[in-house]
file model-v9.cif (mmCIF, C-alpha atoms)
data_final
#
loop_
_atom_site.label_atom_id
_atom_site.label_comp_id
_atom_site.auth_asym_id
_atom_site.auth_seq_id
_atom_site.Cartn_x
_atom_site.Cartn_y
_atom_site.Cartn_z
CA MET S 1 27.46 -4.23 -4.91
CA LYS S 2 25.61 -7.52 -5.36
CA ILE S 3 22.33 -8.91 -4.09
CA GLY S 4 23.51 -11.53 -1.65
CA ALA S 5 20.25 -13.00 -0.36
CA ILE S 6 16.51 -12.43 -0.33
CA ARG S 7 14.74 -13.43 2.89
CA LEU S 8 10.98 -13.76 3.35
CA ASP S 9 9.45 -13.45 6.82
CA ARG S 10 5.79 -14.43 6.85
CA MET S 11 3.72 -13.15 9.76
CA ARG S 12 0.16 -13.45 11.06
CA LEU S 13 -1.43 -10.91 13.40
CA PRO S 14 -4.58 -12.13 15.22
CA LEU S 15 -7.51 -9.70 14.93
CA ASP S 16 -9.86 -9.50 17.90
CA PRO S 17 -12.31 -7.92 17.28
CA PRO S 18 -12.31 -9.11 13.66
CA PHE S 19 -12.14 -6.81 10.66
CA ASN S 20 -15.26 -7.05 8.48
CA ALA S 21 -13.79 -6.17 5.10
CA ALA S 22 -16.46 -5.07 2.64
CA TRP S 23 -14.88 -7.14 -0.13
CA ASP S 24 -14.66 -10.35 1.90
CA PRO S 25 -17.77 -12.44 2.72
CA LEU S 26 -16.17 -13.69 5.97
CA PRO S 27 -14.89 -11.65 8.95
CA ARG S 28 -11.09 -11.40 8.94
CA ARG S 29 -9.76 -12.79 12.20
CA HIS S 30 -6.11 -12.44 11.27
CA PHE S 31 -3.91 -10.24 9.10
CA ASP S 32 -1.10 -11.85 7.11
CA ALA S 33 1.97 -9.91 6.00
CA THR S 34 5.26 -10.86 4.35
CA LEU S 35 8.43 -8.86 4.94
CA VAL S 36 10.90 -9.03 2.04
CA THR S 37 14.48 -8.41 3.14
CA VAL S 38 17.14 -7.95 0.46
CA GLU S 39 20.71 -8.16 1.72
CA THR S 40 23.71 -6.98 -0.29
CA ASP S 41 27.35 -7.98 -0.13
CA GLU S 42 28.23 -4.47 1.08
CA GLY S 43 25.95 -4.50 4.11
CA VAL S 44 23.05 -2.44 2.72
CA THR S 45 19.65 -3.95 3.50
CA GLY S 46 16.35 -3.07 1.85
CA TYR S 47 12.81 -3.88 2.93
CA GLY S 48 9.53 -4.29 1.06
CA SER S 49 6.09 -5.70 1.78
CA GLY S 50 2.65 -6.07 0.24
CA ASP S 51 1.60 -9.27 -1.52
CA THR S 52 2.24 -12.64 0.09
CA MET S 53 5.24 -13.59 -2.12
CA ASP S 54 4.00 -17.19 -2.01
CA GLY S 55 5.97 -19.43 -4.35
CA PHE S 56 8.82 -16.96 -4.85
CA GLU S 57 11.71 -19.07 -3.56
CA PRO S 58 12.47 -20.93 -6.82
CA PHE S 59 12.93 -17.59 -8.60
CA GLU S 60 15.43 -16.10 -6.15
CA PRO S 61 18.44 -17.04 -8.34
CA LEU S 62 17.12 -14.66 -11.03
CA PHE S 63 18.05 -11.79 -8.70
CA THR S 64 20.84 -12.87 -6.36
CA GLY S 65 24.31 -12.00 -7.56
CA ARG S 66 22.94 -9.22 -9.76
CA ASP S 67 23.03 -5.55 -8.96
CA PRO S 68 22.49 -1.92 -10.02
CA PRO S 69 25.18 0.61 -10.51
CA PRO S 70 24.00 3.30 -8.05
CA THR S 71 24.58 5.92 -10.76
CA SER S 72 21.89 4.45 -13.04
CA PRO S 73 19.07 3.18 -10.80
CA PHE S 74 16.34 3.34 -13.43
CA LEU S 75 18.29 1.28 -15.95
CA PHE S 76 18.96 -1.28 -13.25
CA MET S 77 15.40 -1.35 -12.00
CA ALA S 78 13.94 -1.60 -15.49
CA ASN S 79 15.71 -4.93 -15.91
CA HIS S 80 14.53 -6.24 -12.55
CA VAL S 81 10.98 -5.06 -13.23
CA ARG S 82 10.95 -6.97 -16.50
CA VAL S 83 12.05 -10.11 -14.70
CA ILE S 84 9.33 -9.66 -12.06
CA GLU S 85 6.77 -9.18 -14.83
CA SER S 86 7.93 -12.35 -16.58
CA ILE S 87 7.53 -14.30 -13.34
CA GLY S 88 4.10 -12.79 -12.81
CA PHE S 89 2.96 -14.26 -16.11
CA HIS S 90 3.68 -17.75 -14.77
CA ALA S 91 3.41 -17.44 -11.00
CA GLY S 92 2.53 -14.59 -8.58
CA ARG S 93 2.86 -10.87 -7.98
CA TYR S 94 6.27 -10.19 -6.47
CA TRP S 95 6.24 -6.39 -6.43
CA PRO S 96 7.35 -6.13 -2.77
CA LEU S 97 10.77 -7.21 -4.01
CA GLU S 98 10.91 -4.13 -6.23
CA ALA S 99 10.13 -1.92 -3.22
CA ALA S 100 13.02 -3.48 -1.30
CA LEU S 101 15.38 -2.84 -4.22
CA TRP S 102 14.31 0.81 -4.40
CA ASP S 103 14.95 1.01 -0.66
CA ILE S 104 18.53 -0.10 -1.32
CA ILE S 105 19.04 2.33 -4.20
CA GLY S 106 17.79 5.20 -2.07
CA GLN S 107 20.18 4.30 0.72
CA VAL S 108 23.14 3.97 -1.64
CA THR S 109 22.42 7.32 -3.31
CA GLY S 110 21.55 9.02 -0.02
CA GLN S 111 18.09 10.09 -1.19
CA PRO S 112 14.48 9.26 -0.33
CA VAL S 113 12.96 7.19 -3.12
CA SER S 114 10.49 10.00 -3.82
CA VAL S 115 13.41 12.21 -4.85
CA LEU S 116 14.63 9.53 -7.29
CA PHE S 117 11.11 9.50 -8.73
CA GLY S 118 11.08 13.25 -9.30
CA GLY S 119 10.78 14.85 -5.88
CA ALA S 120 7.69 16.86 -6.82
CA ALA S 121 6.20 16.90 -3.29
CA ARG S 122 7.20 16.27 0.30
CA ARG S 123 3.78 16.30 1.94
CA LEU S 124 0.36 15.22 0.67
CA PRO S 125 -3.17 15.13 2.10
CA ALA S 126 -4.39 11.65 3.05
CA TYR S 127 -7.93 10.34 2.88
CA ALA S 128 -9.37 7.86 5.35
CA SER S 129 -9.99 4.73 3.32
CA PHE S 130 -12.77 2.94 5.18
CA GLY S 131 -12.81 -0.82 4.73
CA GLU S 132 -16.15 -1.89 6.15
CA ALA S 133 -19.64 -1.45 4.69
CA ARG S 134 -21.42 -0.17 7.78
CA PRO S 135 -25.06 0.92 8.30
CA PRO S 136 -25.74 4.62 7.66
CA GLN S 137 -25.60 5.87 11.26
CA ALA S 138 -22.48 3.89 12.13
CA ARG S 139 -20.69 5.07 9.00
CA ALA S 140 -21.62 8.69 9.66
CA GLU S 141 -20.28 8.45 13.22
CA ALA S 142 -17.02 6.90 11.97
CA ALA S 143 -16.58 9.71 9.46
CA LEU S 144 -17.09 12.32 12.17
CA ALA S 145 -14.46 10.58 14.30
CA ALA S 146 -12.05 10.58 11.34
CA LYS S 147 -12.66 14.28 10.80
CA ALA S 148 -11.96 14.93 14.48
CA VAL S 149 -8.47 13.39 14.25
CA GLY S 150 -7.52 15.47 11.22
CA PHE S 151 -8.80 13.80 8.06
CA ARG S 152 -10.38 16.12 5.52
CA ALA S 153 -11.52 13.38 3.15
CA ALA S 154 -12.75 9.78 3.29
CA LYS S 155 -13.78 6.96 1.00
CA LEU S 156 -16.82 4.76 1.63
CA ARG S 157 -17.34 1.23 0.36
CA ILE S 158 -20.35 0.56 -1.84
CA ASP S 159 -21.87 -2.88 -1.36
CA ARG S 160 -22.71 -4.38 -4.75
CA THR S 161 -25.43 -6.50 -3.12
CA ASP S 162 -27.11 -3.59 -1.34
CA ILE S 163 -26.71 -0.36 -3.31
CA GLY S 164 -29.68 1.25 -1.56
CA THR S 165 -28.24 0.98 1.96
CA SER S 166 -24.84 2.10 0.69
CA LEU S 167 -26.36 5.25 -0.79
CA GLN S 168 -28.12 5.91 2.52
CA SER S 169 -24.71 5.66 4.21
CA VAL S 170 -23.30 8.22 1.79
CA ARG S 171 -26.19 10.62 2.46
CA ALA S 172 -25.96 10.18 6.24
CA THR S 173 -22.21 10.73 6.17
CA ARG S 174 -22.50 13.87 4.06
CA ALA S 175 -25.08 15.29 6.45
CA ALA S 176 -22.83 14.52 9.43
CA VAL S 177 -19.48 15.86 8.18
CA GLY S 178 -20.71 18.92 6.31
CA ASP S 179 -19.63 20.40 3.00
CA ASP S 180 -15.99 21.05 3.94
CA PHE S 181 -15.17 17.32 3.91
CA THR S 182 -14.49 15.41 0.68
CA LEU S 183 -16.34 12.10 0.21
CA MET S 184 -15.48 9.37 -2.29
CA ALA S 185 -17.04 5.99 -3.03
CA ASP S 186 -15.38 2.70 -3.95
CA LEU S 187 -17.16 -0.14 -5.74
CA ASN S 188 -14.09 -2.33 -5.39
CA GLN S 189 -16.18 -5.42 -4.70
CA TRP S 190 -16.19 -5.94 -8.47
CA TRP S 191 -12.88 -7.69 -8.13
CA ARG S 192 -13.22 -11.05 -6.45
CA MET S 193 -11.84 -13.06 -3.56
CA ALA S 194 -10.76 -16.65 -4.22
CA GLY S 195 -13.83 -18.81 -4.78
CA ASP S 196 -16.09 -15.91 -5.77
CA THR S 197 -17.47 -16.82 -9.21
CA SER S 198 -19.58 -13.70 -9.80
CA PRO S 199 -18.71 -11.41 -12.76
CA ALA S 200 -15.69 -9.15 -12.32
CA LEU S 201 -14.10 -6.28 -14.21
CA ASP S 202 -11.84 -7.14 -17.12
CA GLN S 203 -8.08 -7.25 -16.61
CA ALA S 204 -7.44 -4.00 -18.45
CA ALA S 205 -9.57 -2.16 -15.90
CA VAL S 206 -7.84 -3.71 -12.83
CA LEU S 207 -4.07 -4.41 -13.35
CA ALA S 208 -1.51 -4.47 -10.40
CA VAL S 209 1.92 -3.00 -11.07
CA GLY S 210 5.05 -2.10 -9.12
CA MET S 211 6.62 1.23 -8.31
CA LEU S 212 8.43 1.90 -11.59
CA ARG S 213 5.39 1.13 -13.74
CA ALA S 214 3.15 3.09 -11.35
CA ARG S 215 5.44 6.07 -11.82
CA SER S 216 4.97 5.82 -15.59
CA ILE S 217 1.19 5.57 -15.22
CA GLY S 218 1.23 8.56 -12.90
CA GLU S 219 3.22 10.68 -15.33
CA LEU S 220 0.86 9.80 -18.18
CA ALA S 221 -2.20 10.58 -16.07
CA LEU S 222 -0.82 13.94 -14.99
CA LEU S 223 0.10 14.85 -18.56
CA ARG S 224 -3.57 14.36 -19.48
CA GLY S 225 -4.75 16.51 -16.58
CA ARG S 226 -6.02 13.54 -14.54
CA TRP S 227 -5.60 12.68 -10.88
CA PHE S 228 -3.11 10.01 -9.82
CA THR S 229 -3.97 8.31 -6.54
CA PRO S 230 -2.93 4.63 -6.57
CA HIS S 231 -4.69 1.93 -4.59
CA THR S 232 -2.99 1.54 -1.22
CA TRP S 233 -4.84 -1.07 0.83
CA THR S 234 -1.79 -2.68 2.37
CA ASN S 235 0.43 -2.58 5.45
CA GLY S 236 2.52 0.39 6.52
CA LEU S 237 5.55 -0.53 4.43
CA GLY S 238 3.40 -0.80 1.31
CA LEU S 239 1.80 2.53 2.22
CA LEU S 240 5.26 4.13 2.39
CA ALA S 241 6.17 2.73 -1.04
CA ASN S 242 3.05 4.26 -2.59
CA LEU S 243 3.63 7.56 -0.79
CA HIS S 244 7.09 7.81 -2.37
CA VAL S 245 5.64 7.18 -5.85
CA VAL S 246 2.82 9.72 -5.51
CA ALA S 247 5.04 12.38 -3.95
CA GLY S 248 7.75 11.72 -6.53
CA VAL S 249 5.54 12.51 -9.51
CA GLY S 250 3.39 15.09 -7.76
CA GLY S 251 0.19 13.05 -7.77
CA GLY S 252 -2.85 13.44 -5.62
CA PRO S 253 -4.89 15.27 -4.62
CA TYR S 254 -4.91 12.60 -1.91
CA VAL S 255 -2.99 9.53 -0.77
CA GLU S 256 -5.08 6.53 0.24
CA PHE S 257 -4.70 5.79 3.97
CA PRO S 258 -6.27 2.49 5.13
CA TYR S 259 -8.16 3.38 8.31
CA ASP S 260 -11.42 2.16 9.86
CA PRO S 261 -11.29 1.76 13.66
CA PRO S 262 -11.74 -0.43 15.56
CA GLY S 263 -11.43 -3.13 12.89
CA TRP S 264 -8.61 -1.42 11.03
CA THR S 265 -6.21 0.88 12.90
CA GLU S 266 -2.69 2.17 12.28
CA ALA S 267 -1.37 -0.19 14.96
CA ARG S 268 -2.90 -3.24 13.27
CA ARG S 269 -1.94 -2.19 9.75
CA ASP S 270 1.68 -1.37 10.69
CA PHE S 271 2.22 -4.02 13.34
CA PHE S 272 5.77 -4.91 12.25
CA LEU S 273 7.04 -1.31 11.97
CA ALA S 274 8.81 0.42 14.84
CA GLU S 275 6.22 3.22 14.72
CA PRO S 276 2.84 3.25 12.94
CA ILE S 277 2.46 5.75 10.11
CA ARG S 278 0.05 8.50 11.12
CA ILE S 279 -1.33 11.67 9.60
CA ASP S 280 -0.44 15.05 11.06
CA ALA S 281 -2.91 17.52 12.56
CA ASP S 282 -3.78 18.79 9.07
CA GLY S 283 -4.59 15.31 7.75
CA CYS S 284 -1.38 15.04 5.72
CA LEU S 285 1.40 12.51 5.26
CA THR S 286 5.02 13.66 5.07
CA VAL S 287 7.59 11.66 3.12
CA PRO S 288 10.33 10.41 5.49
CA ASP S 289 13.64 12.29 5.22
CA ALA S 290 15.72 9.13 5.51
CA PRO S 291 17.34 7.66 2.38
CA GLY S 292 15.36 4.85 0.76
CA LEU S 293 11.80 4.21 1.89
CA GLY S 294 12.48 5.38 5.42
CA ALA S 295 10.96 2.39 7.22
CA THR S 296 12.22 1.07 10.55
CA ILE S 297 11.36 -2.58 11.15
CA ASN S 298 10.29 -3.87 14.56
CA HIS S 299 12.26 -7.12 14.41
CA PRO S 300 10.92 -8.48 17.73
CA ALA S 301 7.40 -8.13 16.29
CA VAL S 302 8.50 -9.96 13.12
CA ALA S 303 9.71 -12.82 15.31
CA ARG S 304 6.70 -12.74 17.60
CA TYR S 305 4.13 -13.02 14.83
CA ALA S 306 6.08 -15.39 12.62
CA ARG S 307 3.97 -17.98 10.83
CA THR S 308 4.98 -21.59 11.16
CA ALA S 309 4.45 -24.17 8.47
#
call {"tool": "encode", "arguments": {"input": "model-v9.cif", "output": "structure tokens"}}
result
Amino acid sequence: MKIGAIRLDRMRLPLDPPFNAAWDPLPRRHFDATLVTVETDEGVTGYGSGDTMDGFEPFEPLFTGRDPPPTSPFLFMANHVRVIESIGFHAGRYWPLEAALWDIIGQVTGQPVSVLFGGAARRLPAYASFGEARPPQARAEAALAAKAVGFRAAKLRIDRTDIGTSLQSVRATRAAVGDDFTLMADLNQWWRMAGDTSPALDQAAVLAVGMLRARSIGELALLRGRWFTPHTWTNGLGLLANLHVVAGVGGGPYVEFPYDPPGWTEARRDFFLAEPIRIDADGCLTVPDAPGLGATINHPAVARYARTA
């Protein structure tokens, strides 16, 4: 089996009302996503998504015509991961390609990717990862609504420019949801959007890695008795990739689930999937049974929201 072609479909979903991301100084009026499609010469197709993949096309020949023996997926993927890392040193982050390759390996071996990663869990609690820095009363009401649909945990955004109001939001939310609901806080505004020249964390404290390296980090964290809950602010296909990693190694105690209606909903986040990924009545996510990542692409939506040059 050989990698025959790698296709990139870039999409843009209009957002009305806009999404007021806590880490972005401007309201987000559209959501961009890139679908990576890897086609093989034997008819197996894998999908990945996450980063924009901008500038990838000149590097495609480093992967096409090359391929894993299905009996040794980790050896195969280690080589591809090293190539992706070498490109990242000079260009961009192309980890969605790795997700698409794992999707293929899972299909060829007949296993969900989580099983290839260890198969430690099939179902994990999810936490509502709020994306907006709202006033105390509004944030408390949103947390109550999340609890009503099944979530048992949530993460609030802390505004680096207004710590006092953020702490008031935490207090108001705790009072609203009660003690049987887990609350977390995220000061992720210490990494910066393009053009933001304020101080940021050093690179060692905020690196981005793909699935294979994340698995290694997860194993090391668990061996030291730590939690392993990777950052998952992405679309539904990226969420599935992270779910497979966390379930594979037995991480947790939660999986991050981007969710903050009305600005950020499952339908917006997963707009190019056949069905949005949702929690069950107990606030949990179940790993799909299908081989690979288990994603079904809504190809008419991919065509409908295609970006033109």
call {"tool": "residues_around", "arguments": {"input": "model-v9.cif", "residues": "Phe151 of chain S", "least_positions_apart": "3", "cutoff": "8 Å", "atoms": "only C-alpha atoms", "output": "MDAnalysis selection string"}}
result
chainID S and resid 126:128 146:148 154 279 282:284
call {"tool": "atom_distance", "arguments": {"input": "model-v9.cif", "atom1": "atom CA of His244 of chain S", "atom2": "atom CA of Ser114 of chain S"}}
result
4.3 Å
call {"tool": "atom_distance", "arguments": {"input": "model-v9.cif", "atom1": "atom CA of Pro253 of chain S", "atom2": "atom CA of Arg226 of chain S"}}
result
10.1 Å
call {"tool": "closest_atom_pairs", "arguments": {"input": "model-v9.cif", "of": "segment 36-84 of chain S", "to": "segment 254-272 of chain S", "cutoff": "12 Å", "atoms": "all atoms listed in the file", "output": "Markdown table"}}
result
| residue | atom | partner | partner_atom | distance |
| --- | --- | --- | --- | --- |
| S:Tyr47 | CA | S:Phe272 | CA | 11.7 |
| S:Gly48 | CA | S:Phe272 | CA | 11.8 |
| S:Ser49 | CA | S:Phe272 | CA | 10.5 |
| S:Gly50 | CA | S:Arg269 | CA | 11.3 |
call {"tool": "resolve_selection", "arguments": {"input": "model-v9.cif", "expression": "the PyMOL selection byres ((chain S and resi 40) around 8)", "output": "PDB file with C-alpha atoms, keeping the file's coordinate frame"}}
result
ATOM      1  CA  MET S   1      27.460  -4.230  -4.910  1.00  0.00           C
ATOM      2  CA  LYS S   2      25.610  -7.520  -5.360  1.00  0.00           C
ATOM      3  CA  ILE S   3      22.330  -8.910  -4.090  1.00  0.00           C
ATOM      4  CA  GLY S   4      23.510 -11.530  -1.650  1.00  0.00           C
ATOM      5  CA  ALA S   5      20.250 -13.000  -0.360  1.00  0.00           C
ATOM      6  CA  VAL S  38      17.140  -7.950   0.460  1.00  0.00           C
ATOM      7  CA  GLU S  39      20.710  -8.160   1.720  1.00  0.00           C
ATOM      8  CA  ASP S  41      27.350  -7.980  -0.130  1.00  0.00           C
ATOM      9  CA  GLU S  42      28.230  -4.470   1.080  1.00  0.00           C
ATOM     10  CA  GLY S  43      25.950  -4.500   4.110  1.00  0.00           C
ATOM     11  CA  VAL S  44      23.050  -2.440   2.720  1.00  0.00           C
ATOM     12  CA  THR S  45      19.650  -3.950   3.500  1.00  0.00           C
TER      13      THR S  45
END
call {"tool": "atom_distance", "arguments": {"input": "model-v9.cif", "atom1": "atom CA of Glu98 of chain S", "atom2": "atom CA of Gly131 of chain S"}}
result
26.3 Å
call {"tool": "residues_around", "arguments": {"input": "model-v9.cif", "residues": "segment 171-178 of chain S", "least_positions_apart": "3", "cutoff": "7 Å", "atoms": "only C-alpha atoms", "output": "list in words"}}
result
Pro136, Gln137, Arg139, Ala140, Ala143, Leu144, Leu167, Gln168 and Phe181 of chain S
call {"tool": "closest_residue", "arguments": {"input": "model-v9.cif", "among": "S:Ile163, S:Ala121, S:Ala145, S:Leu237", "to": "Asp51 of chain S", "atoms": "all atoms listed in the file"}}
result
S:Leu237
call {"tool": "resolve_selection", "arguments": {"input": "model-v9.cif", "expression": "the PyMOL selection byres ((chain S and resi 304) around 10)", "output": "ChimeraX atom specification"}}
result
/S:11-13,272,299-303,305-307
call {"tool": "resolve_selection", "arguments": {"input": "model-v9.cif", "expression": "the PyMOL selection byres ((chain S and resi 215) around 9)", "output": "ChimeraX atom specification"}}
result
/S:117,210-214,216-220,245-246,248-249
call {"tool": "closest_residue", "arguments": {"input": "model-v9.cif", "among": "S:Pro125, S:Lys155, S:Pro25, S:Leu187", "to": "Gly251 of chain S", "atoms": "only C-alpha atoms"}}
result
S:Pro125
call {"tool": "decode", "arguments": {"input": "model-v9.cif", "residues": "segment 112-133 of chain S", "atoms": "N, CA and C atoms", "output": "PDB file, in the first residue's frame"}}
result
ATOM      1  N   PRO S 112     -10.034   0.592  16.032  1.00  0.00           N
ATOM      2  CA  PRO S 112     -10.006   2.025  16.350  1.00  0.00           C
ATOM      3  C   PRO S 112      -8.583   2.427  16.725  1.00  0.00           C
ATOM      4  N   VAL S 113      -8.218   3.660  16.428  1.00  0.00           N
ATOM      5  CA  VAL S 113      -6.859   4.109  16.733  1.00  0.00           C
ATOM      6  C   VAL S 113      -6.577   4.012  18.233  1.00  0.00           C
ATOM      7  N   SER S 114      -7.582   4.215  19.056  1.00  0.00           N
ATOM      8  CA  SER S 114      -7.368   4.125  20.503  1.00  0.00           C
ATOM      9  C   SER S 114      -6.865   2.747  20.908  1.00  0.00           C
ATOM     10  N   VAL S 115      -7.294   1.708  20.221  1.00  0.00           N
ATOM     11  CA  VAL S 115      -6.821   0.357  20.516  1.00  0.00           C
ATOM     12  C   VAL S 115      -5.347   0.223  20.142  1.00  0.00           C
ATOM     13  N   LEU S 116      -4.946   0.814  19.021  1.00  0.00           N
ATOM     14  CA  LEU S 116      -3.540   0.785  18.620  1.00  0.00           C
ATOM     15  C   LEU S 116      -2.672   1.535  19.627  1.00  0.00           C
ATOM     16  N   PHE S 117      -3.262   2.499  20.313  1.00  0.00           N
ATOM     17  CA  PHE S 117      -2.524   3.291  21.294  1.00  0.00           C
ATOM     18  C   PHE S 117      -2.547   2.669  22.686  1.00  0.00           C
ATOM     19  N   GLY S 118      -3.197   1.542  22.835  1.00  0.00           N
ATOM     20  CA  GLY S 118      -3.220   0.870  24.130  1.00  0.00           C
ATOM     21  C   GLY S 118      -4.575   0.364  24.560  1.00  0.00           C
ATOM     22  N   GLY S 119      -5.643   1.019  24.079  1.00  0.00           N
ATOM     23  CA  GLY S 119      -6.987   0.560  24.381  1.00  0.00           C
ATOM     24  C   GLY S 119      -7.342   0.560  25.849  1.00  0.00           C
ATOM     25  N   ALA S 120      -6.842   1.522  26.609  1.00  0.00           N
ATOM     26  CA  ALA S 120      -7.067   1.526  28.055  1.00  0.00           C
ATOM     27  C   ALA S 120      -8.492   1.904  28.437  1.00  0.00           C
ATOM     28  N   ALA S 121      -9.189   2.678  27.599  1.00  0.00           N
ATOM     29  CA  ALA S 121     -10.544   3.119  27.939  1.00  0.00           C
ATOM     30  C   ALA S 121     -11.381   3.217  26.678  1.00  0.00           C
ATOM     31  N   ARG S 122     -12.688   3.095  26.845  1.00  0.00           N
ATOM     32  CA  ARG S 122     -13.617   3.243  25.727  1.00  0.00           C
ATOM     33  C   ARG S 122     -14.523   4.453  25.897  1.00  0.00           C
ATOM     34  N   ARG S 123     -14.566   4.984  27.119  1.00  0.00           N
ATOM     35  CA  ARG S 123     -15.506   6.062  27.421  1.00  0.00           C
ATOM     36  C   ARG S 123     -14.894   6.933  28.503  1.00  0.00           C
ATOM     37  N   LEU S 124     -14.932   8.257  28.293  1.00  0.00           N
ATOM     38  CA  LEU S 124     -14.311   9.182  29.234  1.00  0.00           C
ATOM     39  C   LEU S 124     -15.221  10.382  29.490  1.00  0.00           C
ATOM     40  N   PRO S 125     -15.227  10.907  30.713  1.00  0.00           N
ATOM     41  CA  PRO S 125     -15.983  12.133  30.980  1.00  0.00           C
ATOM     42  C   PRO S 125     -15.398  13.304  30.178  1.00  0.00           C
ATOM     43  N   ALA S 126     -16.281  14.184  29.739  1.00  0.00           N
ATOM     44  CA  ALA S 126     -15.859  15.387  29.017  1.00  0.00           C
ATOM     45  C   ALA S 126     -16.149  16.613  29.875  1.00  0.00           C
ATOM     46  N   TYR S 127     -15.310  17.630  29.738  1.00  0.00           N
ATOM     47  CA  TYR S 127     -15.631  18.893  30.405  1.00  0.00           C
ATOM     48  C   TYR S 127     -15.946  19.948  29.361  1.00  0.00           C
ATOM     49  N   ALA S 128     -16.914  20.804  29.691  1.00  0.00           N
ATOM     50  CA  ALA S 128     -17.289  21.895  28.799  1.00  0.00           C
ATOM     51  C   ALA S 128     -16.190  22.944  28.826  1.00  0.00           C
ATOM     52  N   SER S 129     -15.504  23.090  27.715  1.00  0.00           N
ATOM     53  CA  SER S 129     -14.422  24.066  27.630  1.00  0.00           C
ATOM     54  C   SER S 129     -14.993  25.371  27.084  1.00  0.00           C
ATOM     55  N   PHE S 130     -15.322  26.290  27.986  1.00  0.00           N
ATOM     56  CA  PHE S 130     -15.872  27.571  27.566  1.00  0.00           C
ATOM     57  C   PHE S 130     -14.791  28.389  26.869  1.00  0.00           C
ATOM     58  N   GLY S 131     -15.196  29.157  25.859  1.00  0.00           N
ATOM     59  CA  GLY S 131     -14.227  29.910  25.084  1.00  0.00           C
ATOM     60  C   GLY S 131     -14.297  31.409  25.250  1.00  0.00           C
ATOM     61  N   GLU S 132     -15.372  31.896  25.872  1.00  0.00           N
ATOM     62  CA  GLU S 132     -15.544  33.330  26.021  1.00  0.00           C
ATOM     63  C   GLU S 132     -15.330  33.754  27.473  1.00  0.00           C
ATOM     64  N   ALA S 133     -14.821  34.956  27.660  1.00  0.00           N
ATOM     65  CA  ALA S 133     -14.665  35.524  29.007  1.00  0.00           C
ATOM     66  C   ALA S 133     -15.886  36.399  29.290  1.00  0.00           C
TER      67      ALA S 133
END
